[in-house]
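Student: start.cif (mmCIF, N, CA and C atoms) pasted underneath:
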```cif
data_structure
loop_
_atom_site.label_atom_id
_atom_site.label_comp_id
_atom_site.auth_asym_id
_atom_site.auth_seq_id
_atom_site.Cartn_x
_atom_site.Cartn_y
_atom_site.Cartn_z
N MET A 10 153.26 85.65 -16.44
CA MET A 10 153.67 84.30 -16.13
C MET A 10 153.66 84.13 -14.61
N ASN A 11 153.10 83.01 -14.14
CA ASN A 11 153.12 82.76 -12.71
C ASN A 11 154.29 81.84 -12.35
N GLU A 12 154.55 81.71 -11.07
CA GLU A 12 155.72 80.95 -10.62
C GLU A 12 155.70 79.50 -11.08
N PHE A 13 154.52 78.91 -11.25
CA PHE A 13 154.42 77.51 -11.64
C PHE A 13 154.83 77.29 -13.09
N GLN A 14 154.75 78.33 -13.90
CA GLN A 14 155.05 78.19 -15.32
C GLN A 14 156.53 78.00 -15.62
N THR A 15 157.37 78.09 -14.62
CA THR A 15 158.79 77.84 -14.83
C THR A 15 159.14 76.35 -14.76
N VAL A 16 158.21 75.55 -14.29
CA VAL A 16 158.46 74.11 -14.11
C VAL A 16 158.77 73.43 -15.43
N TYR A 17 158.02 73.75 -16.46
CA TYR A 17 158.22 73.12 -17.76
C TYR A 17 159.66 73.30 -18.25
N GLN A 18 160.19 74.50 -18.10
CA GLN A 18 161.58 74.76 -18.51
C GLN A 18 162.56 73.92 -17.70
N ALA A 19 162.24 73.70 -16.44
CA ALA A 19 163.16 72.98 -15.55
C ALA A 19 163.13 71.47 -15.77
N ILE A 20 161.94 70.90 -16.06
CA ILE A 20 161.86 69.44 -16.11
C ILE A 20 161.47 68.88 -17.47
N GLY A 21 160.83 69.67 -18.31
CA GLY A 21 160.47 69.21 -19.64
C GLY A 21 159.23 68.35 -19.70
N GLU A 22 158.82 68.09 -20.92
CA GLU A 22 157.57 67.37 -21.20
C GLU A 22 157.59 65.93 -20.71
N GLU A 23 158.72 65.25 -20.87
CA GLU A 23 158.77 63.83 -20.51
C GLU A 23 158.55 63.59 -19.02
N LYS A 24 159.05 64.46 -18.18
CA LYS A 24 158.84 64.31 -16.73
C LYS A 24 157.38 64.53 -16.37
N ILE A 25 156.72 65.45 -17.07
CA ILE A 25 155.30 65.69 -16.82
C ILE A 25 154.50 64.48 -17.29
N LYS A 26 154.88 63.90 -18.40
CA LYS A 26 154.22 62.69 -18.89
C LYS A 26 154.42 61.54 -17.91
N GLU A 27 155.62 61.41 -17.39
CA GLU A 27 155.93 60.37 -16.41
C GLU A 27 155.10 60.56 -15.14
N LEU A 28 155.01 61.80 -14.67
CA LEU A 28 154.20 62.11 -13.49
C LEU A 28 152.75 61.69 -13.72
N THR A 29 152.23 62.03 -14.87
CA THR A 29 150.84 61.70 -15.19
C THR A 29 150.64 60.18 -15.22
N ARG A 30 151.57 59.48 -15.81
CA ARG A 30 151.48 58.01 -15.88
C ARG A 30 151.48 57.41 -14.47
N TYR A 31 152.38 57.87 -13.62
CA TYR A 31 152.42 57.36 -12.24
C TYR A 31 151.13 57.70 -11.48
N PHE A 32 150.60 58.89 -11.74
CA PHE A 32 149.35 59.27 -11.07
C PHE A 32 148.24 58.28 -11.43
N TYR A 33 148.09 57.96 -12.70
CA TYR A 33 147.01 57.06 -13.11
C TYR A 33 147.28 55.61 -12.75
N GLU A 34 148.53 55.23 -12.59
CA GLU A 34 148.83 53.91 -12.03
C GLU A 34 148.32 53.86 -10.60
N GLY A 35 148.45 54.95 -9.88
CA GLY A 35 147.93 55.04 -8.52
C GLY A 35 146.41 55.04 -8.48
N VAL A 36 145.78 55.70 -9.43
CA VAL A 36 144.32 55.72 -9.51
C VAL A 36 143.79 54.29 -9.63
N GLU A 37 144.46 53.49 -10.45
CA GLU A 37 144.05 52.09 -10.64
C GLU A 37 144.01 51.33 -9.32
N LYS A 38 144.87 51.68 -8.39
CA LYS A 38 145.01 50.95 -7.13
C LYS A 38 144.22 51.58 -5.98
N ASN A 39 143.61 52.72 -6.20
CA ASN A 39 142.91 53.45 -5.14
C ASN A 39 141.42 53.42 -5.44
N GLU A 40 140.69 52.54 -4.76
CA GLU A 40 139.28 52.33 -5.07
C GLU A 40 138.43 53.61 -5.02
N PRO A 41 138.57 54.44 -3.98
CA PRO A 41 137.76 55.67 -3.98
C PRO A 41 138.04 56.56 -5.20
N LEU A 42 139.31 56.72 -5.56
CA LEU A 42 139.63 57.51 -6.76
C LEU A 42 139.14 56.82 -8.02
N ARG A 43 139.39 55.52 -8.10
CA ARG A 43 139.03 54.76 -9.31
C ARG A 43 137.55 54.86 -9.59
N SER A 44 136.74 54.94 -8.54
CA SER A 44 135.27 54.99 -8.71
C SER A 44 134.81 56.26 -9.41
N LEU A 45 135.65 57.26 -9.47
CA LEU A 45 135.28 58.53 -10.11
C LEU A 45 135.48 58.50 -11.63
N TYR A 46 136.16 57.50 -12.13
CA TYR A 46 136.57 57.46 -13.54
C TYR A 46 135.83 56.39 -14.31
N PRO A 47 135.69 56.60 -15.62
CA PRO A 47 135.15 55.52 -16.46
C PRO A 47 136.16 54.38 -16.58
N LYS A 48 135.72 53.29 -17.16
CA LYS A 48 136.57 52.10 -17.29
C LYS A 48 137.91 52.43 -17.95
N ASP A 49 137.87 53.18 -19.02
CA ASP A 49 139.09 53.53 -19.77
C ASP A 49 139.68 54.82 -19.20
N LEU A 50 140.83 54.71 -18.57
CA LEU A 50 141.48 55.86 -17.97
C LEU A 50 142.28 56.69 -18.96
N LYS A 51 142.55 56.17 -20.13
CA LYS A 51 143.45 56.83 -21.09
C LYS A 51 143.00 58.26 -21.44
N PRO A 52 141.72 58.50 -21.76
CA PRO A 52 141.33 59.88 -22.07
C PRO A 52 141.57 60.85 -20.91
N ALA A 53 141.31 60.41 -19.69
CA ALA A 53 141.55 61.27 -18.53
C ALA A 53 143.05 61.52 -18.36
N GLU A 54 143.84 60.50 -18.57
CA GLU A 54 145.29 60.65 -18.47
C GLU A 54 145.81 61.65 -19.51
N ASP A 55 145.29 61.54 -20.72
CA ASP A 55 145.70 62.48 -21.78
C ASP A 55 145.32 63.91 -21.44
N ARG A 56 144.11 64.10 -20.89
CA ARG A 56 143.67 65.46 -20.51
C ARG A 56 144.53 66.02 -19.39
N LEU A 57 144.81 65.20 -18.37
CA LEU A 57 145.64 65.69 -17.26
C LEU A 57 147.03 66.06 -17.76
N PHE A 58 147.58 65.24 -18.63
CA PHE A 58 148.91 65.54 -19.18
C PHE A 58 148.91 66.90 -19.88
N LEU A 59 147.94 67.13 -20.76
CA LEU A 59 147.88 68.41 -21.47
C LEU A 59 147.65 69.57 -20.51
N PHE A 60 146.81 69.34 -19.50
CA PHE A 60 146.55 70.38 -18.51
C PHE A 60 147.82 70.73 -17.75
N LEU A 61 148.53 69.71 -17.27
CA LEU A 61 149.75 69.97 -16.50
C LEU A 61 150.83 70.61 -17.36
N LEU A 62 150.92 70.21 -18.61
CA LEU A 62 151.87 70.88 -19.51
C LEU A 62 151.61 72.38 -19.53
N GLN A 63 150.36 72.74 -19.69
CA GLN A 63 149.99 74.15 -19.79
C GLN A 63 150.21 74.88 -18.46
N VAL A 64 149.75 74.29 -17.38
CA VAL A 64 149.89 74.92 -16.06
C VAL A 64 151.35 75.20 -15.73
N PHE A 65 152.21 74.26 -16.11
CA PHE A 65 153.61 74.38 -15.74
C PHE A 65 154.46 75.06 -16.80
N GLY A 66 153.82 75.70 -17.78
CA GLY A 66 154.54 76.56 -18.70
C GLY A 66 154.83 76.00 -20.07
N GLY A 67 154.23 74.87 -20.40
CA GLY A 67 154.44 74.26 -21.71
C GLY A 67 153.38 74.70 -22.72
N PRO A 68 153.22 73.92 -23.77
CA PRO A 68 152.25 74.25 -24.81
C PRO A 68 150.83 74.42 -24.25
N THR A 69 150.05 75.25 -24.90
CA THR A 69 148.68 75.56 -24.45
C THR A 69 147.64 74.70 -25.17
N THR A 70 148.03 73.52 -25.54
CA THR A 70 147.15 72.60 -26.26
C THR A 70 145.86 72.33 -25.50
N TYR A 71 145.95 72.21 -24.18
CA TYR A 71 144.75 71.94 -23.38
C TYR A 71 143.68 73.00 -23.66
N SER A 72 144.01 74.26 -23.52
CA SER A 72 143.03 75.34 -23.73
C SER A 72 142.60 75.43 -25.18
N GLU A 73 143.52 75.18 -26.09
CA GLU A 73 143.17 75.22 -27.51
C GLU A 73 142.13 74.16 -27.85
N GLU A 74 142.23 72.99 -27.23
CA GLU A 74 141.30 71.89 -27.51
C GLU A 74 140.05 71.93 -26.66
N ARG A 75 140.16 72.38 -25.40
CA ARG A 75 139.06 72.25 -24.46
C ARG A 75 138.55 73.57 -23.88
N GLY A 76 139.19 74.67 -24.21
CA GLY A 76 138.80 75.95 -23.65
C GLY A 76 139.43 76.16 -22.28
N HIS A 77 138.95 77.18 -21.58
CA HIS A 77 139.48 77.50 -20.26
C HIS A 77 139.31 76.29 -19.34
N PRO A 78 140.32 76.00 -18.51
CA PRO A 78 140.24 74.81 -17.66
C PRO A 78 139.03 74.76 -16.71
N ARG A 79 138.65 75.86 -16.09
CA ARG A 79 137.50 75.89 -15.18
C ARG A 79 137.44 74.63 -14.32
N LEU A 80 138.52 74.33 -13.63
CA LEU A 80 138.64 73.07 -12.90
C LEU A 80 137.48 72.80 -11.95
N ARG A 81 137.17 73.76 -11.12
CA ARG A 81 136.11 73.53 -10.14
C ARG A 81 134.78 73.21 -10.83
N MET A 82 134.43 73.97 -11.85
CA MET A 82 133.19 73.73 -12.56
C MET A 82 133.19 72.35 -13.24
N ARG A 83 134.29 71.98 -13.83
CA ARG A 83 134.37 70.69 -14.53
C ARG A 83 134.25 69.50 -13.57
N HIS A 84 134.51 69.73 -12.29
CA HIS A 84 134.49 68.64 -11.32
C HIS A 84 133.28 68.67 -10.39
N LEU A 85 132.32 69.55 -10.64
CA LEU A 85 131.16 69.65 -9.76
C LEU A 85 130.27 68.41 -9.79
N ASN A 86 130.38 67.58 -10.81
CA ASN A 86 129.56 66.37 -10.89
C ASN A 86 129.96 65.32 -9.86
N TRP A 87 131.12 65.47 -9.24
CA TRP A 87 131.62 64.49 -8.30
C TRP A 87 131.69 65.10 -6.91
N VAL A 88 131.40 64.28 -5.92
CA VAL A 88 131.53 64.72 -4.54
C VAL A 88 133.02 64.71 -4.20
N ILE A 89 133.52 65.88 -3.91
CA ILE A 89 134.91 66.01 -3.50
C ILE A 89 134.91 66.62 -2.10
N ASP A 90 135.02 65.74 -1.14
CA ASP A 90 135.11 66.18 0.25
C ASP A 90 136.58 66.12 0.69
N GLU A 91 136.82 66.38 1.94
CA GLU A 91 138.19 66.39 2.41
C GLU A 91 138.86 65.02 2.23
N GLN A 92 138.09 63.95 2.45
CA GLN A 92 138.66 62.62 2.30
C GLN A 92 139.05 62.33 0.85
N MET A 93 138.18 62.71 -0.10
CA MET A 93 138.51 62.50 -1.52
C MET A 93 139.68 63.38 -1.93
N ARG A 94 139.71 64.59 -1.42
CA ARG A 94 140.85 65.47 -1.66
C ARG A 94 142.13 64.80 -1.22
N ASN A 95 142.10 64.18 -0.05
CA ASN A 95 143.29 63.51 0.47
C ASN A 95 143.71 62.33 -0.41
N HIS A 96 142.74 61.57 -0.90
CA HIS A 96 143.06 60.46 -1.81
C HIS A 96 143.77 61.01 -3.05
N TRP A 97 143.19 62.05 -3.63
CA TRP A 97 143.77 62.62 -4.86
C TRP A 97 145.16 63.18 -4.58
N LEU A 98 145.27 63.99 -3.53
CA LEU A 98 146.53 64.66 -3.24
C LEU A 98 147.62 63.65 -2.87
N ASN A 99 147.30 62.68 -2.04
CA ASN A 99 148.30 61.67 -1.68
C ASN A 99 148.76 60.90 -2.90
N ASN A 100 147.84 60.60 -3.78
CA ASN A 100 148.20 59.88 -5.01
C ASN A 100 149.11 60.74 -5.88
N MET A 101 148.80 62.02 -6.00
CA MET A 101 149.63 62.90 -6.82
C MET A 101 151.01 63.09 -6.20
N LEU A 102 151.07 63.25 -4.90
CA LEU A 102 152.36 63.44 -4.25
C LEU A 102 153.20 62.16 -4.31
N THR A 103 152.56 61.01 -4.24
CA THR A 103 153.27 59.74 -4.41
C THR A 103 153.84 59.65 -5.82
N ALA A 104 153.05 60.05 -6.82
CA ALA A 104 153.55 60.06 -8.20
C ALA A 104 154.71 61.03 -8.34
N LEU A 105 154.60 62.18 -7.72
CA LEU A 105 155.67 63.17 -7.78
C LEU A 105 156.97 62.64 -7.16
N ASP A 106 156.84 61.86 -6.10
CA ASP A 106 158.03 61.27 -5.47
C ASP A 106 158.73 60.27 -6.38
N LYS A 107 158.03 59.75 -7.37
CA LYS A 107 158.60 58.74 -8.26
C LYS A 107 159.39 59.32 -9.42
N ILE A 108 159.27 60.62 -9.64
CA ILE A 108 160.03 61.22 -10.74
C ILE A 108 161.23 61.95 -10.18
N ASP A 109 162.28 61.95 -10.94
CA ASP A 109 163.54 62.56 -10.51
C ASP A 109 163.58 64.02 -10.95
N VAL A 110 163.28 64.91 -9.99
CA VAL A 110 163.34 66.35 -10.28
C VAL A 110 164.04 67.05 -9.11
N ASP A 111 164.57 68.21 -9.39
CA ASP A 111 165.21 69.03 -8.38
C ASP A 111 164.24 69.31 -7.23
N GLN A 112 164.73 69.31 -6.01
CA GLN A 112 163.89 69.49 -4.83
C GLN A 112 163.13 70.81 -4.87
N ASN A 113 163.73 71.88 -5.34
CA ASN A 113 163.03 73.17 -5.42
C ASN A 113 161.86 73.10 -6.39
N VAL A 114 162.05 72.42 -7.50
CA VAL A 114 160.97 72.25 -8.47
C VAL A 114 159.87 71.37 -7.87
N LYS A 115 160.28 70.31 -7.20
CA LYS A 115 159.32 69.42 -6.56
C LYS A 115 158.46 70.18 -5.55
N GLU A 116 159.09 71.03 -4.75
CA GLU A 116 158.34 71.80 -3.76
C GLU A 116 157.37 72.78 -4.42
N LEU A 117 157.78 73.36 -5.52
CA LEU A 117 156.90 74.26 -6.26
C LEU A 117 155.69 73.50 -6.80
N MET A 118 155.94 72.33 -7.37
CA MET A 118 154.85 71.50 -7.88
C MET A 118 153.93 71.06 -6.74
N MET A 119 154.51 70.67 -5.62
CA MET A 119 153.71 70.25 -4.47
C MET A 119 152.80 71.40 -4.01
N SER A 120 153.33 72.59 -3.97
CA SER A 120 152.51 73.72 -3.53
C SER A 120 151.35 73.96 -4.48
N TYR A 121 151.59 73.77 -5.77
CA TYR A 121 150.49 73.90 -6.74
C TYR A 121 149.42 72.84 -6.48
N PHE A 122 149.85 71.59 -6.32
CA PHE A 122 148.88 70.51 -6.13
C PHE A 122 148.08 70.66 -4.85
N VAL A 123 148.71 71.13 -3.78
CA VAL A 123 147.98 71.37 -2.53
C VAL A 123 146.94 72.47 -2.75
N LYS A 124 147.35 73.54 -3.38
CA LYS A 124 146.44 74.67 -3.65
C LYS A 124 145.23 74.21 -4.46
N VAL A 125 145.47 73.47 -5.52
CA VAL A 125 144.38 73.01 -6.39
C VAL A 125 143.49 72.01 -5.66
N ALA A 126 144.10 71.08 -4.94
CA ALA A 126 143.30 70.07 -4.23
C ALA A 126 142.37 70.75 -3.22
N ASN A 127 142.86 71.73 -2.52
CA ASN A 127 142.02 72.45 -1.56
C ASN A 127 140.89 73.20 -2.25
N HIS A 128 141.19 73.76 -3.40
CA HIS A 128 140.19 74.52 -4.16
C HIS A 128 139.07 73.63 -4.69
N MET A 129 139.36 72.36 -4.91
CA MET A 129 138.37 71.47 -5.54
C MET A 129 137.33 70.94 -4.56
N ILE A 130 137.54 71.07 -3.27
CA ILE A 130 136.56 70.56 -2.30
C ILE A 130 135.23 71.26 -2.55
N ASN A 131 134.17 70.44 -2.71
CA ASN A 131 132.85 71.00 -2.99
C ASN A 131 131.77 70.47 -2.05
N GLN A 132 132.17 69.78 -1.02
CA GLN A 132 131.20 69.23 -0.04
C GLN A 132 131.66 69.54 1.37
#
```
As a first step, turn the structure in this file into structure tokens.

Tutor:
Amino acid sequence: MNEFQTVYQAIGEEKIKELTRYFYEGVEKNEPLRSLYPKDLKPAEDRLFLFLLQVFGGPTTYSEERGHPRLRMRHLNWVIDEQMRNHWLNNMLTALDKIDVDQNVKELMMSYFVKVANHMINQ
């Protein structure tokens, strides 16, 4: 178990669902991010929710349904430069600020999102 997998125990499924909802509300308002998604955001929101549940120590439904996450490979179709990374990360951190979680848990989640956002840069 990695350090991030303790988040699920601390905040539960509903907070992760709330985070995901706020993230996609932000996507709707951020033109560069919005341009990466199809018209219907619901499938992407559902996938992110399942992914975050798994990453943070919840059910492994994401891998059971979709296989290994392979995040970088799954995102190679899109240009992710430093600017796009910043759009994504700022949107996620804004969503994180909207949910009520313990500061230590929030910092742990922030560190995960920074690590992943940096890893996704492909340009």

Student: Pull out every residue that the PyMOL selection byres (((chain A and resi 127 and name CA) around 12) and name CA) matches in the shown coordinates and put them as an MDAnalysis selection string.

Tutor: chainID A and resid 80:81 89:95 97:98 120:126 128:132

Student: Go ahead and write the residues just picked, N, CA and C atoms, as a tab-separated table (two decimals), in the coordinates of the input.

Tutor:
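And here is the file that came out, part_39.tsv:
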```
chain	number	residue	atom	x	y	z
A	80	LEU	N	138.52	74.33	-13.63
A	80	LEU	CA	138.64	73.07	-12.90
A	80	LEU	C	137.48	72.80	-11.95
A	81	ARG	N	137.17	73.76	-11.12
A	81	ARG	CA	136.11	73.53	-10.14
A	81	ARG	C	134.78	73.21	-10.83
A	89	ILE	N	133.52	65.88	-3.91
A	89	ILE	CA	134.91	66.01	-3.50
A	89	ILE	C	134.91	66.62	-2.10
A	90	ASP	N	135.02	65.74	-1.14
A	90	ASP	CA	135.11	66.18	0.25
A	90	ASP	C	136.58	66.12	0.69
A	91	GLU	N	136.82	66.38	1.94
A	91	GLU	CA	138.19	66.39	2.41
A	91	GLU	C	138.86	65.02	2.23
A	92	GLN	N	138.09	63.95	2.45
A	92	GLN	CA	138.66	62.62	2.30
A	92	GLN	C	139.05	62.33	0.85
A	93	MET	N	138.18	62.71	-0.10
A	93	MET	CA	138.51	62.50	-1.52
A	93	MET	C	139.68	63.38	-1.93
A	94	ARG	N	139.71	64.59	-1.42
A	94	ARG	CA	140.85	65.47	-1.66
A	94	ARG	C	142.13	64.80	-1.22
A	95	ASN	N	142.10	64.18	-0.05
A	95	ASN	CA	143.29	63.51	0.47
A	95	ASN	C	143.71	62.33	-0.41
A	97	TRP	N	143.19	62.05	-3.63
A	97	TRP	CA	143.77	62.62	-4.86
A	97	TRP	C	145.16	63.18	-4.58
A	98	LEU	N	145.27	63.99	-3.53
A	98	LEU	CA	146.53	64.66	-3.24
A	98	LEU	C	147.62	63.65	-2.87
A	120	SER	N	153.33	72.59	-3.97
A	120	SER	CA	152.51	73.72	-3.53
A	120	SER	C	151.35	73.96	-4.48
A	121	TYR	N	151.59	73.77	-5.77
A	121	TYR	CA	150.49	73.90	-6.74
A	121	TYR	C	149.42	72.84	-6.48
A	122	PHE	N	149.85	71.59	-6.32
A	122	PHE	CA	148.88	70.51	-6.13
A	122	PHE	C	148.08	70.66	-4.85
A	123	VAL	N	148.71	71.13	-3.78
A	123	VAL	CA	147.98	71.37	-2.53
A	123	VAL	C	146.94	72.47	-2.75
A	124	LYS	N	147.35	73.54	-3.38
A	124	LYS	CA	146.44	74.67	-3.65
A	124	LYS	C	145.23	74.21	-4.46
A	125	VAL	N	145.47	73.47	-5.52
A	125	VAL	CA	144.38	73.01	-6.39
A	125	VAL	C	143.49	72.01	-5.66
A	126	ALA	N	144.10	71.08	-4.94
A	126	ALA	CA	143.30	70.07	-4.23
A	126	ALA	C	142.37	70.75	-3.22
A	128	HIS	N	141.19	73.76	-3.40
A	128	HIS	CA	140.19	74.52	-4.16
A	128	HIS	C	139.07	73.63	-4.69
A	129	MET	N	139.36	72.36	-4.91
A	129	MET	CA	138.37	71.47	-5.54
A	129	MET	C	137.33	70.94	-4.56
A	130	ILE	N	137.54	71.07	-3.27
A	130	ILE	CA	136.56	70.56	-2.30
A	130	ILE	C	135.23	71.26	-2.55
A	131	ASN	N	134.17	70.44	-2.71
A	131	ASN	CA	132.85	71.00	-2.99
A	131	ASN	C	131.77	70.47	-2.05
A	132	GLN	N	132.17	69.78	-1.02
A	132	GLN	CA	131.20	69.23	-0.04
A	132	GLN	C	131.66	69.54	1.37
```

Student: What separation in Å, quoted to one decimal, exists between atom N of Pro78 (chain A) and CA of Asp109 (chain A)?

Tutor: 28.0 Å

Student: Would you list the contacts of Lys26 (chain A) as a short mmCIF file (atom, residue, chain, number, x, y, z; two decimals) with N, CA and C atoms, in the frame of the given file, taking every protein, DNA or RNA residue within 8 Å and counting all atoms listed in the file, but skipping same-chain residues closer than 4 positions in sequence?

Tutor:
```
data_model
loop_
_atom_site.label_atom_id
_atom_site.label_comp_id
_atom_site.auth_asym_id
_atom_site.auth_seq_id
_atom_site.Cartn_x
_atom_site.Cartn_y
_atom_site.Cartn_z
N GLY A 21 160.83 69.67 -18.31
CA GLY A 21 160.47 69.21 -19.64
C GLY A 21 159.23 68.35 -19.70
N GLU A 22 158.82 68.09 -20.92
CA GLU A 22 157.57 67.37 -21.20
C GLU A 22 157.59 65.93 -20.71
N ARG A 30 151.57 59.48 -15.81
CA ARG A 30 151.48 58.01 -15.88
C ARG A 30 151.48 57.41 -14.47
N TYR A 31 152.38 57.87 -13.62
CA TYR A 31 152.42 57.36 -12.24
C TYR A 31 151.13 57.70 -11.48
N PHE A 32 150.60 58.89 -11.74
CA PHE A 32 149.35 59.27 -11.07
C PHE A 32 148.24 58.28 -11.43
N PHE A 58 147.58 65.24 -18.63
CA PHE A 58 148.91 65.54 -19.18
C PHE A 58 148.91 66.90 -19.88
N LEU A 59 147.94 67.13 -20.76
CA LEU A 59 147.88 68.41 -21.47
C LEU A 59 147.65 69.57 -20.51
N LEU A 61 148.53 69.71 -17.27
CA LEU A 61 149.75 69.97 -16.50
C LEU A 61 150.83 70.61 -17.36
N LEU A 62 150.92 70.21 -18.61
CA LEU A 62 151.87 70.88 -19.51
C LEU A 62 151.61 72.38 -19.53
#
```

Student: Give me the residues within 6.5 Å of Tyr71 (chain A) as a PyMOL selection string, counting only N, CA and C atoms and dropping any in the same chain fewer than 5 places off.

Tutor: chain A and resi 59-60+63+76

Student: Counting only N, CA and C atoms, which residue out of A:Pro47, A:Phe65, A:Asn86, A:Lys24 sits closest to Glu12 (chain A)?

Tutor: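 Among the listed residues, A:Phe65 lies closest to Glu12 (chain A).
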
Student: Using only N, CA and C atoms, which protein or nucleic acid residues come within 7 Å of Gly66 (chain A)? Drop anything in the same chain fewer than 2 positions from it, and give the result as a list of chain:residue names.

Tutor: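 Listed by chain and then number, they are A:Phe13, A:Gln14, A:Thr15, A:Val16, A:Tyr17, A:Gln18, A:Leu61, A:Leu62, A:Gln63, A:Val64, A:Pro68, A:Thr69.
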
Student: Write out as a count of residues only all residues of chain A that backbone DSSP assigns to helix (DSSP H, G or I).

Tutor: 89

Student: Can you measure CA of Pro52 (chain A) to CA of Val110 (chain A) for me? One decimal in Å is fine.

Tutor: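 Going from CA of Pro52 (chain A) over to CA of Val110 (chain A) covers 25.8 Å.
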
Student: How many Å lie between atom C of Gln112 (chain A) and atom N of Glu23 (chain A), rounded to one decimal?

Tutor: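 Calculated distance between atom C of Gln112 (chain A) and atom N of Glu23 (chain A) is 17.5 Å.
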
Student: If you apply the PyMOL selection byres (((chain A and resi 33 and name CA) around 12) and name CA) to this file, what residues do you get, as a count of residues only?

Tutor: 32

Student: Just checking: using only C-alpha atoms, which residue out of A:Ser44, A:His77, A:Ala19, A:Val114 ends up closest to His96 (chain A)?

Tutor: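 Closest residue, counting only C-alpha atoms: A:Ser44.
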